[in-house]
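A.B. asks: Next comes entry.txt, compact mmCIF, C-alpha atoms:
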```txt
# COMPACT_ATOMS: atom_id res chain seq x y z
CA MET A 1 10.26 -74.10 -13.30
CA GLU A 2 8.07 -71.84 -15.36
CA SER A 3 6.69 -68.83 -13.53
CA SER A 4 4.50 -66.29 -15.24
CA SER A 5 7.52 -64.16 -16.27
CA LYS A 6 10.53 -65.10 -18.37
CA TYR A 7 12.59 -62.36 -16.67
CA LEU A 8 11.79 -63.85 -13.28
CA ASP A 9 12.58 -67.37 -14.52
CA SER A 10 15.85 -66.16 -15.97
CA LEU A 11 17.04 -64.54 -12.72
CA ILE A 12 15.91 -67.52 -10.62
CA ARG A 13 17.90 -69.80 -12.95
CA GLU A 14 21.05 -67.66 -12.67
CA PHE A 15 20.75 -67.38 -8.87
CA SER A 16 20.24 -71.15 -8.57
CA ARG A 17 23.66 -71.71 -10.13
CA LEU A 18 25.40 -70.00 -7.22
CA PRO A 19 26.70 -72.22 -4.40
CA GLY A 20 24.35 -72.82 -1.49
CA ILE A 21 21.34 -71.32 -3.29
CA GLY A 22 18.55 -73.73 -4.18
CA SER A 23 15.48 -72.93 -6.22
CA LYS A 24 13.51 -71.72 -3.17
CA SER A 25 16.24 -69.31 -2.04
CA ALA A 26 16.70 -68.17 -5.64
CA THR A 27 12.99 -67.37 -5.89
CA ARG A 28 13.08 -65.50 -2.60
CA LEU A 29 16.09 -63.48 -3.75
CA ALA A 30 14.48 -62.66 -7.10
CA PHE A 31 11.31 -61.39 -5.39
CA HIS A 32 13.44 -59.37 -3.01
CA ILE A 33 15.15 -57.75 -5.98
CA LEU A 34 11.74 -56.89 -7.43
CA LYS A 35 11.00 -54.93 -4.25
CA MET A 36 14.42 -53.28 -3.93
CA PRO A 37 14.91 -49.60 -4.90
CA ALA A 38 16.19 -49.27 -8.49
CA ASP A 39 19.50 -47.68 -7.46
CA GLN A 40 20.31 -50.57 -5.12
CA VAL A 41 19.53 -53.04 -7.92
CA ASP A 42 21.90 -51.17 -10.23
CA ARG A 43 24.61 -51.15 -7.57
CA LEU A 44 24.34 -54.93 -7.13
CA SER A 45 24.43 -55.58 -10.85
CA GLU A 46 27.40 -53.25 -11.36
CA ALA A 47 29.31 -54.69 -8.39
CA ILE A 48 29.07 -58.16 -9.99
CA VAL A 49 30.44 -57.03 -13.35
CA GLU A 50 33.04 -54.66 -11.87
CA LEU A 51 34.48 -57.37 -9.62
CA LYS A 52 35.01 -59.75 -12.50
CA ARG A 53 36.46 -56.97 -14.67
CA ASN A 54 38.87 -55.29 -12.23
CA ILE A 55 40.21 -57.87 -9.87
CA ARG A 56 43.78 -59.20 -10.08
CA SER A 57 46.28 -61.10 -7.96
CA CYS A 58 48.66 -59.28 -5.64
CA SER A 59 52.13 -59.75 -7.13
CA LEU A 60 53.62 -60.30 -3.67
CA CYS A 61 51.20 -62.40 -1.58
CA GLY A 62 49.02 -63.81 -4.37
CA GLY A 63 45.81 -62.61 -2.67
CA ILE A 64 42.94 -60.69 -4.23
CA SER A 65 43.86 -57.13 -5.18
CA ASP A 66 42.82 -54.07 -7.20
CA GLU A 67 46.40 -52.87 -7.71
CA ALA A 68 49.76 -54.56 -8.32
CA LEU A 69 50.17 -54.77 -4.53
CA CYS A 70 47.18 -55.56 -2.28
CA ARG A 71 46.09 -53.38 0.65
CA VAL A 72 47.70 -55.65 3.22
CA CYS A 73 51.07 -55.89 1.46
CA ASN A 74 51.00 -52.14 0.84
CA SER A 75 50.19 -51.17 4.42
CA PRO A 76 53.01 -49.57 6.45
CA ASP A 77 51.35 -50.78 9.69
CA ARG A 78 51.81 -54.50 9.12
CA ASP A 79 54.56 -56.54 10.75
CA LYS A 80 56.78 -57.65 7.86
CA GLU A 81 58.62 -60.19 10.02
CA ILE A 82 55.67 -62.60 10.23
CA LEU A 83 54.15 -64.41 7.23
CA CYS A 84 50.89 -66.35 7.40
CA VAL A 85 50.71 -69.04 4.70
CA VAL A 86 47.18 -69.93 3.50
CA GLU A 87 45.72 -72.11 0.76
CA GLU A 88 43.36 -69.65 -0.96
CA PRO A 89 42.65 -65.89 -1.02
CA GLU A 90 39.36 -66.63 0.83
CA ASP A 91 41.34 -67.89 3.82
CA MET A 92 43.25 -64.62 3.98
CA ILE A 93 39.95 -62.74 4.26
CA SER A 94 38.70 -65.06 7.03
CA ILE A 95 41.85 -64.38 9.06
CA GLU A 96 41.71 -60.64 8.37
CA ARG A 97 38.16 -60.59 9.74
CA THR A 98 39.35 -61.84 13.12
CA GLY A 99 41.63 -58.81 13.44
CA ALA A 100 44.02 -61.11 15.36
CA PHE A 101 46.89 -61.06 12.86
CA ARG A 102 49.02 -58.03 11.97
CA GLY A 103 51.65 -59.65 9.75
CA LEU A 104 51.68 -60.32 6.01
CA TYR A 105 50.23 -63.23 4.03
CA HIS A 106 51.33 -65.72 1.41
CA VAL A 107 48.71 -67.52 -0.67
CA LEU A 108 49.82 -70.96 -1.95
CA GLY A 109 46.97 -71.29 -4.41
CA GLY A 110 45.97 -74.77 -3.24
CA VAL A 111 47.45 -77.83 -1.57
CA ILE A 112 49.68 -80.71 -2.64
CA ALA A 113 47.24 -83.35 -3.90
CA PRO A 114 48.97 -86.11 -5.90
CA LEU A 115 45.65 -87.80 -6.72
CA ASP A 116 44.51 -84.60 -8.46
CA GLY A 117 47.93 -84.24 -10.12
CA ILE A 118 48.86 -81.17 -8.05
CA GLY A 119 52.49 -81.20 -6.95
CA PRO A 120 54.58 -78.65 -4.99
CA GLU A 121 55.69 -77.03 -8.28
CA ASP A 122 52.05 -76.07 -9.01
CA LEU A 123 51.83 -74.02 -5.81
CA ARG A 124 53.47 -70.70 -4.96
CA ILE A 125 56.10 -72.39 -2.75
CA ASN A 126 59.11 -71.08 -4.69
CA GLU A 127 57.75 -67.54 -4.29
CA LEU A 128 57.46 -68.17 -0.54
CA VAL A 129 61.07 -69.32 -0.28
CA GLN A 130 62.11 -66.28 -2.34
CA ARG A 131 60.26 -63.93 0.05
CA CYS A 132 61.85 -65.60 3.06
CA ASN A 133 65.27 -65.19 1.43
CA ASP A 134 64.84 -61.57 0.38
CA GLN A 135 62.97 -60.12 3.30
CA SER A 136 63.44 -59.97 7.02
CA VAL A 137 60.98 -62.80 7.71
CA LYS A 138 61.50 -64.25 11.19
CA GLU A 139 58.35 -66.36 11.61
CA VAL A 140 56.09 -68.28 9.24
CA ILE A 141 52.64 -69.45 10.43
CA LEU A 142 51.30 -72.34 8.35
CA ALA A 143 47.52 -71.86 8.20
CA THR A 144 46.52 -74.47 5.63
CA ASN A 145 43.27 -76.32 6.39
CA PRO A 146 43.31 -79.08 9.06
CA THR A 147 42.84 -81.78 6.39
CA VAL A 148 45.15 -84.57 5.22
CA GLU A 149 46.27 -82.48 2.22
CA GLY A 150 46.55 -79.28 4.26
CA ASP A 151 48.66 -81.00 6.93
CA ALA A 152 50.90 -82.66 4.32
CA THR A 153 51.42 -79.35 2.51
CA SER A 154 52.31 -77.60 5.77
CA LEU A 155 54.78 -80.40 6.59
CA TYR A 156 56.38 -80.06 3.14
CA VAL A 157 56.73 -76.29 3.45
CA ALA A 158 58.03 -76.56 7.03
CA ARG A 159 60.82 -78.92 5.92
CA ILE A 160 61.98 -76.41 3.33
CA LEU A 161 61.83 -73.35 5.59
CA LYS A 162 63.31 -74.76 8.82
CA PRO A 163 66.92 -74.97 7.55
CA MET A 164 66.62 -71.25 6.63
CA ASN A 165 66.69 -70.28 10.31
CA ILE A 166 63.04 -69.26 10.37
CA ARG A 167 60.58 -70.02 13.17
CA VAL A 168 57.98 -72.25 11.48
CA MET A 169 54.64 -72.54 13.30
CA ARG A 170 51.34 -74.35 12.62
CA ILE A 171 47.95 -72.93 13.69
CA ALA A 172 46.46 -74.78 16.69
CA HIS A 173 43.97 -77.60 16.19
CA GLY A 174 41.45 -78.44 18.90
CA LEU A 175 37.92 -77.81 20.12
CA PRO A 176 36.16 -74.84 18.54
CA VAL A 177 35.35 -72.03 21.01
CA GLY A 178 31.83 -72.42 22.42
CA SER A 179 31.56 -76.06 21.34
CA ASP A 180 30.63 -79.05 23.48
CA LEU A 181 33.00 -81.92 24.42
CA GLU A 182 30.08 -84.34 24.19
CA PHE A 183 29.53 -83.64 20.51
CA ALA A 184 33.15 -83.23 19.42
CA ASP A 185 34.44 -85.74 16.85
CA GLY A 186 37.19 -88.15 17.86
CA PRO A 187 40.11 -86.77 15.82
CA THR A 188 39.42 -83.20 17.02
CA LEU A 189 39.23 -84.31 20.65
CA ALA A 190 42.46 -86.32 20.27
CA LYS A 191 44.22 -83.26 18.74
CA SER A 192 42.90 -81.12 21.53
CA LEU A 193 44.38 -83.50 24.13
CA SER A 194 47.75 -83.98 22.46
CA GLY A 195 48.04 -80.22 21.88
CA ARG A 196 47.23 -79.26 25.49
CA VAL A 197 48.80 -76.06 26.81
CA GLU A 198 49.77 -75.16 30.37
CA MET A 199 47.45 -72.79 32.21
CA MET B 200 34.89 -55.70 6.64
CA GLU B 201 37.84 -54.50 4.62
CA SER B 202 39.35 -57.06 2.30
CA SER B 203 42.27 -56.30 0.05
CA SER B 204 39.99 -55.18 -2.81
CA LYS B 205 37.37 -52.46 -2.88
CA TYR B 206 35.54 -54.29 -5.70
CA LEU B 207 35.32 -57.41 -3.58
CA ASP B 208 34.18 -55.41 -0.53
CA SER B 209 31.57 -53.69 -2.62
CA LEU B 210 30.05 -56.92 -3.95
CA ILE B 211 30.16 -58.58 -0.52
CA ARG B 212 28.33 -55.54 0.90
CA GLU B 213 25.63 -55.67 -1.79
CA PHE B 214 25.17 -59.44 -1.41
CA SER B 215 24.91 -59.10 2.39
CA ARG B 216 21.85 -56.88 1.96
CA LEU B 217 19.87 -59.71 0.39
CA PRO B 218 17.63 -61.77 2.68
CA GLY B 219 19.17 -64.87 4.23
CA ILE B 220 22.70 -63.97 3.13
CA GLY B 221 25.14 -63.14 5.91
CA SER B 222 28.67 -61.87 5.47
CA LYS B 223 30.13 -65.38 5.20
CA SER B 224 27.70 -66.46 2.47
CA ALA B 225 28.23 -63.13 0.71
CA THR B 226 31.99 -63.68 0.70
CA ARG B 227 31.55 -67.21 -0.62
CA LEU B 228 29.26 -65.95 -3.39
CA ALA B 229 31.67 -63.17 -4.34
CA PHE B 230 34.58 -65.61 -4.64
CA HIS B 231 32.40 -67.93 -6.67
CA ILE B 232 31.68 -65.08 -9.07
CA LEU B 233 35.41 -64.44 -9.38
CA LYS B 234 35.82 -68.01 -10.62
CA MET B 235 32.76 -68.03 -12.90
CA PRO B 236 33.12 -67.71 -16.71
CA ALA B 237 32.70 -64.09 -17.85
CA ASP B 238 29.58 -64.80 -19.93
CA GLN B 239 27.80 -66.35 -16.95
CA VAL B 240 28.70 -63.32 -14.84
CA ASP B 241 27.25 -61.04 -17.51
CA ARG B 242 24.08 -63.11 -17.69
CA LEU B 243 23.57 -62.87 -13.92
CA SER B 244 24.16 -59.13 -13.88
CA GLU B 245 21.81 -58.57 -16.83
CA ALA B 246 19.10 -60.81 -15.40
CA ILE B 247 19.05 -58.65 -12.26
CA VAL B 248 18.66 -55.38 -14.15
CA GLU B 249 16.25 -56.80 -16.76
CA LEU B 250 13.92 -58.19 -14.10
CA LYS B 251 13.61 -54.85 -12.36
CA ARG B 252 13.16 -53.02 -15.68
CA ASN B 253 10.62 -55.26 -17.42
CA ILE B 254 8.38 -56.79 -14.84
CA ARG B 255 4.78 -55.67 -14.30
CA SER B 256 1.59 -56.86 -12.65
CA CYS B 257 -0.89 -58.99 -14.54
CA SER B 258 -3.98 -56.80 -15.03
CA LEU B 259 -6.28 -59.73 -14.25
CA CYS B 260 -4.76 -61.79 -11.40
CA GLY B 261 -2.26 -59.25 -10.04
CA GLY B 262 0.62 -61.74 -10.27
CA ILE B 263 4.03 -61.17 -11.80
CA SER B 264 3.96 -60.77 -15.56
CA ASP B 265 5.94 -59.63 -18.61
CA GLU B 266 2.81 -58.69 -20.60
CA ALA B 267 -0.56 -57.14 -19.73
CA LEU B 268 -1.84 -60.65 -19.02
CA CYS B 269 0.37 -63.24 -17.30
CA ARG B 270 1.11 -66.70 -18.74
CA VAL B 271 -1.40 -68.42 -16.47
CA CYS B 272 -4.27 -66.01 -17.18
CA ASN B 273 -3.44 -66.17 -20.89
CA SER B 274 -3.32 -69.96 -21.13
CA PRO B 275 -6.24 -71.66 -22.91
CA ASP B 276 -5.58 -74.86 -20.91
CA ARG B 277 -6.53 -73.50 -17.49
CA ASP B 278 -9.88 -74.11 -15.81
CA LYS B 279 -11.51 -70.68 -15.63
CA GLU B 280 -14.19 -71.90 -13.21
CA ILE B 281 -11.79 -72.21 -10.25
CA LEU B 282 -9.94 -69.27 -8.68
CA CYS B 283 -7.16 -69.69 -6.12
CA VAL B 284 -6.81 -66.61 -3.89
CA VAL B 285 -3.30 -65.98 -2.52
CA GLU B 286 -1.64 -63.20 -0.54
CA GLU B 287 1.41 -62.48 -2.71
CA PRO B 288 2.73 -63.31 -6.21
CA GLU B 289 5.35 -65.57 -4.53
CA ASP B 290 2.55 -67.82 -3.24
CA MET B 291 1.24 -68.23 -6.78
CA ILE B 292 4.63 -69.52 -7.89
CA SER B 293 4.81 -71.97 -4.95
CA ILE B 294 1.44 -73.45 -5.93
CA GLU B 295 2.36 -73.53 -9.64
CA ARG B 296 5.46 -75.55 -8.74
CA THR B 297 3.33 -78.32 -7.24
CA GLY B 298 1.56 -78.77 -10.58
CA ALA B 299 -1.53 -79.70 -8.53
CA PHE B 300 -3.73 -76.75 -9.56
CA ARG B 301 -5.06 -76.09 -13.06
CA GLY B 302 -7.35 -73.11 -12.39
CA LEU B 303 -6.62 -69.37 -12.33
CA TYR B 304 -5.26 -67.18 -9.53
CA HIS B 305 -6.14 -63.97 -7.76
CA VAL B 306 -3.42 -62.13 -5.81
CA LEU B 307 -4.76 -60.03 -2.91
CA GLY B 308 -1.51 -58.14 -2.40
CA GLY B 309 -1.38 -58.78 1.35
CA VAL B 310 -3.69 -59.51 4.28
CA ILE B 311 -6.04 -57.47 6.43
CA ALA B 312 -3.83 -56.21 9.27
CA PRO B 313 -5.49 -53.41 11.28
CA LEU B 314 -2.38 -52.92 13.46
CA ASP B 315 -0.38 -52.11 10.31
CA GLY B 316 -3.20 -49.91 9.01
CA ILE B 317 -4.08 -52.33 6.19
CA GLY B 318 -7.83 -52.68 5.67
CA PRO B 319 -9.86 -54.65 3.09
CA GLU B 320 -9.93 -51.60 0.80
CA ASP B 321 -6.10 -51.80 0.48
CA LEU B 322 -6.31 -55.32 -0.94
CA ARG B 323 -7.54 -56.48 -4.35
CA ILE B 324 -10.84 -57.73 -2.91
CA ASN B 325 -13.08 -55.54 -5.09
CA GLU B 326 -11.29 -56.88 -8.17
CA LEU B 327 -11.96 -60.42 -6.93
CA VAL B 328 -15.69 -59.73 -6.50
CA GLN B 329 -15.71 -58.17 -9.97
CA ARG B 330 -14.10 -61.28 -11.50
CA CYS B 331 -16.58 -63.53 -9.73
CA ASN B 332 -19.43 -61.40 -11.05
CA ASP B 333 -18.19 -61.16 -14.65
CA GLN B 334 -16.83 -64.63 -15.22
CA SER B 335 -18.09 -68.15 -14.88
CA VAL B 336 -16.35 -68.71 -11.53
CA LYS B 337 -17.89 -71.65 -9.68
CA GLU B 338 -15.31 -72.26 -6.95
CA VAL B 339 -12.89 -70.05 -5.01
CA ILE B 340 -10.05 -71.66 -3.00
CA LEU B 341 -8.76 -69.36 -0.26
CA ALA B 342 -5.02 -70.06 0.01
CA THR B 343 -3.89 -67.29 2.35
CA ASN B 344 -1.25 -68.28 4.91
CA PRO B 345 -2.34 -70.28 7.99
CA THR B 346 -1.73 -67.28 10.28
CA VAL B 347 -4.13 -65.14 12.33
CA GLU B 348 -4.19 -62.45 9.60
CA GLY B 349 -4.40 -64.99 6.78
CA ASP B 350 -7.30 -66.81 8.44
CA ALA B 351 -9.12 -63.53 9.18
CA THR B 352 -8.68 -62.34 5.60
CA SER B 353 -10.01 -65.64 4.24
CA LEU B 354 -13.01 -65.39 6.56
CA TYR B 355 -13.69 -61.83 5.39
CA VAL B 356 -13.49 -62.80 1.71
CA ALA B 357 -15.61 -65.92 2.27
CA ARG B 358 -18.42 -63.84 3.81
CA ILE B 359 -18.52 -61.62 0.73
CA LEU B 360 -18.41 -64.44 -1.83
CA LYS B 361 -20.79 -66.97 -0.27
CA PRO B 362 -23.99 -65.01 -1.00
CA MET B 363 -22.89 -64.91 -4.67
CA ASN B 364 -23.64 -68.62 -5.04
CA ILE B 365 -19.98 -69.58 -5.28
CA ARG B 366 -18.40 -72.60 -3.62
CA VAL B 367 -15.87 -71.06 -1.21
CA MET B 368 -13.12 -73.40 0.04
CA ARG B 369 -10.11 -73.04 2.35
CA ILE B 370 -6.87 -75.02 1.82
CA ALA B 371 -6.44 -77.83 4.37
CA HIS B 372 -4.40 -77.29 7.53
CA GLY B 373 -2.77 -80.23 9.27
CA LEU B 374 0.44 -82.21 9.58
CA PRO B 375 2.99 -81.62 6.80
CA VAL B 376 3.63 -84.69 4.64
CA GLY B 377 6.60 -86.70 5.94
CA SER B 378 6.53 -85.03 9.35
CA ASP B 379 6.44 -86.68 12.76
CA LEU B 380 3.50 -86.54 15.20
CA GLU B 381 5.97 -86.45 18.09
CA PHE B 382 7.46 -83.16 16.97
CA ALA B 383 4.31 -81.46 15.67
CA ASP B 384 3.28 -78.24 17.45
CA GLY B 385 0.01 -78.17 19.40
CA PRO B 386 -2.09 -75.91 17.14
CA THR B 387 -1.13 -77.89 14.02
CA LEU B 388 -1.97 -81.20 15.70
CA ALA B 389 -5.30 -79.79 16.94
CA LYS B 390 -6.14 -78.57 13.40
CA SER B 391 -5.21 -81.95 12.01
CA LEU B 392 -7.60 -83.67 14.45
CA SER B 393 -10.52 -81.29 13.95
CA GLY B 394 -10.06 -81.39 10.18
CA ARG B 395 -10.00 -85.20 9.99
CA VAL B 396 -11.31 -86.80 6.77
CA GLU B 397 -12.95 -90.17 6.24
CA MET B 398 -10.77 -92.90 4.73
```
Kindly present the structure from the file in structure tokens form.
C.D. replies:
Amino acid sequence: MESSSKYLDSLIREFSRLPGIGSKSATRLAFHILKMPADQVDRLSEAIVELKRNIRSCSLCGGISDEALCRVCNSPDRDKEILCVVEEPEDMISIERTGAFRGLYHVLGGVIAPLDGIGPEDLRINELVQRCNDQSVKEVILATNPTVEGDATSLYVARILKPMNIRVMRIAHGLPVGSDLEFADGPTLAKSLSGRVEM
Amino acid sequence: MESSSKYLDSLIREFSRLPGIGSKSATRLAFHILKMPADQVDRLSEAIVELKRNIRSCSLCGGISDEALCRVCNSPDRDKEILCVVEEPEDMISIERTGAFRGLYHVLGGVIAPLDGIGPEDLRINELVQRCNDQSVKEVILATNPTVEGDATSLYVARILKPMNIRVMRIAHGLPVGSDLEFADGPTLAKSLSGRVEM
């Protein structure tokens, strides 16, 4: 696409490379930036560079952090007896947004995927076992994705942790809140039946 | 939303301010940027600042430009006898993308909207009349949006240009290509019937 400005073309091209942004959205964003106040434009541009420059991994949970220890690991208010195990740092943020979990996290950094050449030794499973050994962890919630690889990884981790006298839990699978039985897919509906709870 | 990094929060906040980007998309974009190569991150950040710093209006058509005259107005290959009148510079880019128009453009800078206090004198209508007077314009295509204000603005402009011995045209309204009669809205279907063409 050639517009009448090379600066506009350049920004549209860069925006189009981001996930979920096609050329129409990229054009809309670029025109929005043209109309934004200069200080807001500078803030956006700086935030992009600063993120890339300053971010690191939390040395304890493996999540996103500015310091050696992330905000969650560093907080005195969190329940250190419960660990929530997730695949990626993004998942940790999704759970934090719900406000429904007050324990600590452990980021595996992926899932066991033999076809992609990713084995248990490529994930932060040893670090998890170490944390469970060192600290007063009483419960581990396995919150990997409800996929074949996510389920297999949770099963693998559960088998290691169970002999350590830790309560190992898996997040519930079933119908999403507000959804419709009629449109639910078969496997989800089957999980929702087999995982029924007493009222 | 408070994640475990103030840099991440800051970028998510800035992204969320852009149109069509909610907090989930903003988070996804921010994590994508974390994984992007550093030089691509720099290019994106620079493109944002450079656009805001360097862009100007074309002195002839009023579209987006890097120079005093935009690429389209400056091109020797364009048909200077046909002008396409649009509301905003964005519309000019949409039409350019089709590759179906080889004339020049004129950007009005909005539509007549009395309720918002925007009258004909706030738009670039005088400049349009001037261009039609000075240059060898034979045809003007009114390509304002098919809305009440867009139609009214086109009507207003048409009444001024017609006495100047110029062919004044309006873009066709009707069913979008690839759409379905069954799901078309009433006004569009009515327009498509009244604007029927001989086969």
A.B. asks: Return as JSON, numbers by chain the residues belonging to chain A that are within 8 Å of chain B, counting all atoms listed in the file.
C.D. replies: {"A": [1, 3, 4, 5, 6, 7, 8, 10, 11, 14, 15, 18, 19, 27, 28, 29, 30, 31, 32, 33, 34, 38, 41, 42, 43, 44, 45, 46, 47, 48, 49, 50, 51, 52, 54, 55, 63, 64, 65, 66, 70, 71, 72, 90, 93, 96, 97]}
A.B. asks: Which residues are close to Val107 of chain A, i.e. within 6 Å by all atoms listed in the file, leaving aside same-chain residues fewer than 3 positions away? Reply as a PyMOL selection string.
C.D. replies: chain A and resi 61-62+85-88
A.B. asks: Using all atoms of segment 63-78 of chain A that appear in the file, construct an axis-aligned enclosing box with 6 Å of padding on every side and provide its centre coordinates and edge lengths in Å, rounded to one decimal, as AutoDock Vina command-line options.
C.D. replies:
```
--center_x 47.9 --center_y -56.1 --center_z 0.7 --size_x 22.2 --size_y 25.0 --size_z 30.0
```
A.B. asks: Which residue out of A:Ile82, A:Ala152, A:Val129, A:Ile166 has the minimum interatomic distance to Gly110 of chain A when only C-alpha atoms are used?
C.D. replies: A:Ala152
A.B. asks: Between atom CA of Ala371 of chain B and atom CA of Pro319 of chain B, measure the distance and give it in Å to one decimal.
C.D. replies: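 Spanning atom CA of Ala371 of chain B to atom CA of Pro319 of chain B is a straight-line distance of 23.5 Å.
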A.B. asks: Provide the atom CA of Arg131 of chain A to atom CA of Asp91 of chain A distance in Å, to one decimal place.
C.D. replies: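 Pair atom CA of Arg131 of chain A / atom CA of Asp91 of chain A returns 19.7 Å.
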A.B. asks: Find the residues around Leu341 of chain B up to 8 Å (all atoms listed in the file counted), leave out those fewer than 5 positions away in its own chain, and share them as a list of chain:residue names.
C.D. replies: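 Neighbouring residues, sequence-local ones excluded: B:Cys283, B:Val284, B:Val285, B:Ser353, B:Val367, B:Met368, B:Arg369, B:Ile370.
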A.B. asks: Looking at B:Pro275, B:Ala383, B:Gly308, B:Leu374, which one is nearest to Glu326 of chain B, with distances taken over all atoms listed in the file?
C.D. replies: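 Closest candidate: B:Gly308.
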A.B. asks: Could you tell me how far atom CA of Leu189 of chain A lies from atom CA of Val140 of chain A, in Å and to one decimal?
C.D. replies: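 Result for atom CA of Leu189 of chain A versus atom CA of Val140 of chain A: 25.9 Å, one decimal.
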A.B. asks: For Asp116 of chain A, which of A:Glu149, A:Met199, A:Asn165, A:Gly99 is the closest residue, counting only C-alpha atoms?
C.D. replies: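 The shortest atom-to-atom distance to Asp116 of chain A comes from A:Glu149.
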A.B. asks: Around (55.6, -76.2, -1.5) in the file's frame, which residues reach within 9 Å when counting only C-alpha atoms? Return as a list in words?
C.D. replies: Leu108, Val111, Ile112, Gly119, Pro120, Glu121, Asp122, Leu123, Arg124, Ile125, Asn126, Leu128, Val129, Thr153, Ser154, Tyr156, Val157, Ala158 and Ile160 of chain A
A.B. asks: At a cut-off of 7 Å, using only C-alpha atoms, what residues contact Val137 of chain A? Leave out same-chain residues fewer than 3 positions from it and give the result as a list in words.
C.D. replies: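 Answer for this query is Lys80, Glu81, Ile82 and Cys132 of chain A.
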A.B. asks: Atoms to include: C-alpha atoms. Write the selected residues as an mmCIF file, in the coordinates of the input.
C.D. replies:
```cif
data_model
loop_
_atom_site.group_PDB
_atom_site.id
_atom_site.type_symbol
_atom_site.label_atom_id
_atom_site.label_comp_id
_atom_site.auth_asym_id
_atom_site.auth_seq_id
_atom_site.Cartn_x
_atom_site.Cartn_y
_atom_site.Cartn_z
ATOM 1 C CA LYS A 80 56.780 -57.650 7.860
ATOM 2 C CA GLU A 81 58.620 -60.190 10.020
ATOM 3 C CA ILE A 82 55.670 -62.600 10.230
ATOM 4 C CA CYS A 132 61.850 -65.600 3.060
#
```
